[in-house]
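Below is one structure; the comments refer to it alone.
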Amino acid sequence: MPRTARAREAHRLHAGWIALGAAVMVALAAGVNAAIWAAAGGLGADVSRRYAGAYLVGMGLAFVTGGAIVGWWSPGNTVKEAAVSGAIAVGAMSAAALVAGRGAGMGAVLMAGAAGFLLALVGGWLGEWLQERKEKAR
């Protein structure tokens, strides 16, 4: 059990950082979607095969970047906060896709959820590593 206030703070999850991480992930993912739809010629275009690689890379970077931001700047349990942010972002994007009528099957939603969670976790670890490296340089 942590004994000092600083140690307790380091083990706490911060809802604000979780929300910020999820918002960054969703915003970046929306930007990826908009760029791919624009490149494909609009919303009605078929992007399933031609842009699949760009979509996967863009989504991966969205989750890693959001996780890294949380990992670098949050004073709390940054890796867990990033992972929770990823899970929330995947849930929000899946709900938006269902509402828009572009929902995928349950298997795809589960795979996307696992991938988003893991990529955000990697981003959180990366951000934590950068934070520790910066603190050691002082």
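Following the order of the structure tokens, chains are lettered A, B, ..., residues in each are numbered from 1, and ligands are numbered from 1.
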
Task: Spatial neighbours of Ser74 of chain A, max dist 10 Å, only C-alpha atoms, sep filter under 5 positions, as JSON, numbers by chain - done: {"A": [10, 13, 14, 16, 17, 18, 68, 69, 79, 81, 82, 124, 127, 128, 131]}

Take the residues that were just selected and, keeping N, CA and C atoms, output them as a PDB file, in the first residue's frame.
```pdb
ATOM      1  N   ALA A  10       0.052   8.555  -7.524  1.00  0.00           N
ATOM      2  CA  ALA A  10       0.602   7.806  -8.658  1.00  0.00           C
ATOM      3  C   ALA A  10      -0.199   6.538  -8.951  1.00  0.00           C
ATOM      4  N   LEU A  13      -6.521   6.416 -10.521  1.00  0.00           N
ATOM      5  CA  LEU A  13      -6.982   6.658 -11.884  1.00  0.00           C
ATOM      6  C   LEU A  13      -7.682   8.008 -11.913  1.00  0.00           C
ATOM      7  N   HIS A  14      -7.365   8.824 -12.905  1.00  0.00           N
ATOM      8  CA  HIS A  14      -7.939  10.157 -13.039  1.00  0.00           C
ATOM      9  C   HIS A  14      -8.958  10.168 -14.172  1.00  0.00           C
ATOM     10  N   GLY A  16     -10.499  12.596 -15.552  1.00  0.00           N
ATOM     11  CA  GLY A  16     -10.244  13.640 -16.541  1.00  0.00           C
ATOM     12  C   GLY A  16      -9.261  13.200 -17.608  1.00  0.00           C
ATOM     13  N   TRP A  17      -8.201  12.530 -17.185  1.00  0.00           N
ATOM     14  CA  TRP A  17      -7.208  12.048 -18.148  1.00  0.00           C
ATOM     15  C   TRP A  17      -7.781  10.909 -18.985  1.00  0.00           C
ATOM     16  N   ILE A  18      -8.606  10.083 -18.381  1.00  0.00           N
ATOM     17  CA  ILE A  18      -9.255   9.003 -19.133  1.00  0.00           C
ATOM     18  C   ILE A  18     -10.160   9.600 -20.201  1.00  0.00           C
ATOM     19  N   ALA A  68      -0.405   7.547 -25.569  1.00  0.00           N
ATOM     20  CA  ALA A  68       0.876   8.175 -25.240  1.00  0.00           C
ATOM     21  C   ALA A  68       0.684   9.533 -24.581  1.00  0.00           C
ATOM     22  N   ILE A  69      -0.315  10.287 -25.038  1.00  0.00           N
ATOM     23  CA  ILE A  69      -0.595  11.590 -24.422  1.00  0.00           C
ATOM     24  C   ILE A  69      -0.977  11.415 -22.956  1.00  0.00           C
ATOM     25  N   VAL A  79      -0.645   3.947 -17.457  1.00  0.00           N
ATOM     26  CA  VAL A  79      -0.860   2.850 -18.397  1.00  0.00           C
ATOM     27  C   VAL A  79      -2.299   2.347 -18.295  1.00  0.00           C
ATOM     28  N   GLU A  81      -4.864   4.123 -17.179  1.00  0.00           N
ATOM     29  CA  GLU A  81      -5.733   5.189 -17.679  1.00  0.00           C
ATOM     30  C   GLU A  81      -5.810   5.157 -19.203  1.00  0.00           C
ATOM     31  N   ALA A  82      -4.687   4.935 -19.852  1.00  0.00           N
ATOM     32  CA  ALA A  82      -4.670   4.869 -21.314  1.00  0.00           C
ATOM     33  C   ALA A  82      -5.495   3.686 -21.820  1.00  0.00           C
ATOM     34  N   GLY A 124       0.108   4.105 -23.741  1.00  0.00           N
ATOM     35  CA  GLY A 124       0.287   4.503 -22.348  1.00  0.00           C
ATOM     36  C   GLY A 124       1.660   4.123 -21.824  1.00  0.00           C
ATOM     37  N   GLY A 127       4.131   6.537 -23.409  1.00  0.00           N
ATOM     38  CA  GLY A 127       4.072   7.837 -22.739  1.00  0.00           C
ATOM     39  C   GLY A 127       4.702   7.806 -21.362  1.00  0.00           C
ATOM     40  N   GLU A 128       4.469   6.734 -20.618  1.00  0.00           N
ATOM     41  CA  GLU A 128       5.080   6.578 -19.294  1.00  0.00           C
ATOM     42  C   GLU A 128       6.600   6.509 -19.414  1.00  0.00           C
ATOM     43  N   GLN A 131       7.871   9.938 -20.106  1.00  0.00           N
ATOM     44  CA  GLN A 131       7.784  10.738 -18.886  1.00  0.00           C
ATOM     45  C   GLN A 131       8.945  10.419 -17.950  1.00  0.00           C
TER      46      GLN A 131
END
```

Each residue of segment 52-128 of chain A lying at most 6 Å from segment 19-35 of chain A should get a row with its shortest atom-to-atom pair and the distance in Å to one decimal, counting only C-alpha atoms; could you produce that, ordered by chain and increasing number, as JSON lines?
```
{"residue": "A:Gly58", "atom": "CA", "partner": "A:Val32", "partner_atom": "CA", "distance": 5.8}
{"residue": "A:Met59", "atom": "CA", "partner": "A:Ala29", "partner_atom": "CA", "distance": 5.7}
{"residue": "A:Ala62", "atom": "CA", "partner": "A:Leu28", "partner_atom": "CA", "distance": 5.2}
{"residue": "A:Phe63", "atom": "CA", "partner": "A:Met25", "partner_atom": "CA", "distance": 5.4}
{"residue": "A:Gly66", "atom": "CA", "partner": "A:Met25", "partner_atom": "CA", "distance": 5.1}
{"residue": "A:Val70", "atom": "CA", "partner": "A:Gly21", "partner_atom": "CA", "distance": 5.8}
{"residue": "A:Ser85", "atom": "CA", "partner": "A:Ala22", "partner_atom": "CA", "distance": 4.5}
{"residue": "A:Ala89", "atom": "CA", "partner": "A:Ala22", "partner_atom": "CA", "distance": 4.9}
```

Dump as JSON lines the rows for residues of segment 78-110 of chain A within 12 Å of segment 115-119 of chain A: closest atom pair and distance in Å with one decimal, only C-alpha atoms counted, ordered by chain and rising residue number.
```
{"residue": "A:Val79", "atom": "CA", "partner": "A:Leu118", "partner_atom": "CA", "distance": 10.6}
{"residue": "A:Lys80", "atom": "CA", "partner": "A:Phe117", "partner_atom": "CA", "distance": 10.1}
{"residue": "A:Glu81", "atom": "CA", "partner": "A:Phe117", "partner_atom": "CA", "distance": 10.7}
{"residue": "A:Ala82", "atom": "CA", "partner": "A:Phe117", "partner_atom": "CA", "distance": 8.3}
{"residue": "A:Ala83", "atom": "CA", "partner": "A:Phe117", "partner_atom": "CA", "distance": 5.3}
{"residue": "A:Val84", "atom": "CA", "partner": "A:Phe117", "partner_atom": "CA", "distance": 7.3}
{"residue": "A:Ser85", "atom": "CA", "partner": "A:Phe117", "partner_atom": "CA", "distance": 8.0}
{"residue": "A:Gly86", "atom": "CA", "partner": "A:Phe117", "partner_atom": "CA", "distance": 4.8}
{"residue": "A:Ala87", "atom": "CA", "partner": "A:Phe117", "partner_atom": "CA", "distance": 5.3}
{"residue": "A:Ile88", "atom": "CA", "partner": "A:Phe117", "partner_atom": "CA", "distance": 8.8}
{"residue": "A:Ala89", "atom": "CA", "partner": "A:Gly116", "partner_atom": "CA", "distance": 8.0}
{"residue": "A:Val90", "atom": "CA", "partner": "A:Gly116", "partner_atom": "CA", "distance": 6.4}
{"residue": "A:Gly91", "atom": "CA", "partner": "A:Gly116", "partner_atom": "CA", "distance": 9.8}
{"residue": "A:Ala92", "atom": "CA", "partner": "A:Gly116", "partner_atom": "CA", "distance": 11.7}
{"residue": "A:Met93", "atom": "CA", "partner": "A:Gly116", "partner_atom": "CA", "distance": 10.7}
{"residue": "A:Ser94", "atom": "CA", "partner": "A:Gly116", "partner_atom": "CA", "distance": 11.4}
{"residue": "A:Ala108", "atom": "CA", "partner": "A:Ala115", "partner_atom": "CA", "distance": 10.4}
{"residue": "A:Val109", "atom": "CA", "partner": "A:Ala115", "partner_atom": "CA", "distance": 9.8}
{"residue": "A:Leu110", "atom": "CA", "partner": "A:Ala115", "partner_atom": "CA", "distance": 8.5}
```

Output C-alpha atoms for every residue in that selection, as a PDB file, in the first residue's frame.
```pdb
ATOM      1  CA  VAL A  79      -0.860   2.850 -18.397  1.00  0.00           C
ATOM      2  CA  LYS A  80      -4.203   1.803 -16.906  1.00  0.00           C
ATOM      3  CA  GLU A  81      -5.733   5.189 -17.679  1.00  0.00           C
ATOM      4  CA  ALA A  82      -4.670   4.869 -21.314  1.00  0.00           C
ATOM      5  CA  ALA A  83      -6.133   1.375 -21.562  1.00  0.00           C
ATOM      6  CA  VAL A  84      -9.458   2.483 -20.083  1.00  0.00           C
ATOM      7  CA  SER A  85      -9.451   5.421 -22.525  1.00  0.00           C
ATOM      8  CA  GLY A  86      -9.004   2.971 -25.397  1.00  0.00           C
ATOM      9  CA  ALA A  87     -11.890   0.816 -24.238  1.00  0.00           C
ATOM     10  CA  ILE A  88     -14.167   3.856 -23.932  1.00  0.00           C
ATOM     11  CA  ALA A  89     -13.114   5.155 -27.362  1.00  0.00           C
ATOM     12  CA  VAL A  90     -13.836   1.797 -29.013  1.00  0.00           C
ATOM     13  CA  GLY A  91     -17.227   1.671 -27.324  1.00  0.00           C
ATOM     14  CA  ALA A  92     -18.076   5.193 -28.465  1.00  0.00           C
ATOM     15  CA  MET A  93     -16.967   4.521 -32.043  1.00  0.00           C
ATOM     16  CA  SER A  94     -18.838   1.217 -32.181  1.00  0.00           C
ATOM     17  CA  ALA A 108     -15.464  -7.432 -35.612  1.00  0.00           C
ATOM     18  CA  VAL A 109     -16.528  -5.229 -32.713  1.00  0.00           C
ATOM     19  CA  LEU A 110     -14.805  -7.539 -30.224  1.00  0.00           C
TER      20      LEU A 110
END
```

Open item on the list: I need the residue nearest Ala120 of chain A from this list: A:Val64, A:Gly76, A:Arg138, A:Gly71. Use only C-alpha atoms for the distance.
Closed with: A:Val64

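Distances to Gly60 of chain A were evaluated for A:Ala39, A:Ala100, A:Ala95, A:Ala112 using only C-alpha atoms, and the minimum falls at A:Ala112.
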
Open item on the list: For a test of reading the model, state the distance in Å between atom CA of Glu135 of chain A and atom CA of Ala15 of chain A, rounded to one decimal.
Closed with: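 Result for atom CA of Glu135 of chain A versus atom CA of Ala15 of chain A: 23.8 Å, one decimal.
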
Open item on the list: Report, in Å to a single decimal, how far apart atom CA of Ala114 of chain A and atom CA of Gly67 of chain A are.
Closed with: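 One can read the atom CA of Gly67 of chain A to atom CA of Ala114 of chain A distance as 14.3 Å.
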
Open item on the list: If DSSP is run on the backbone, what residues of chain A are helix (DSSP H, G or I)? A reply as a PyMOL selection string would be ideal.
Closed with: chain A and resi 5-11+15-40+52-73+78-99+106-137
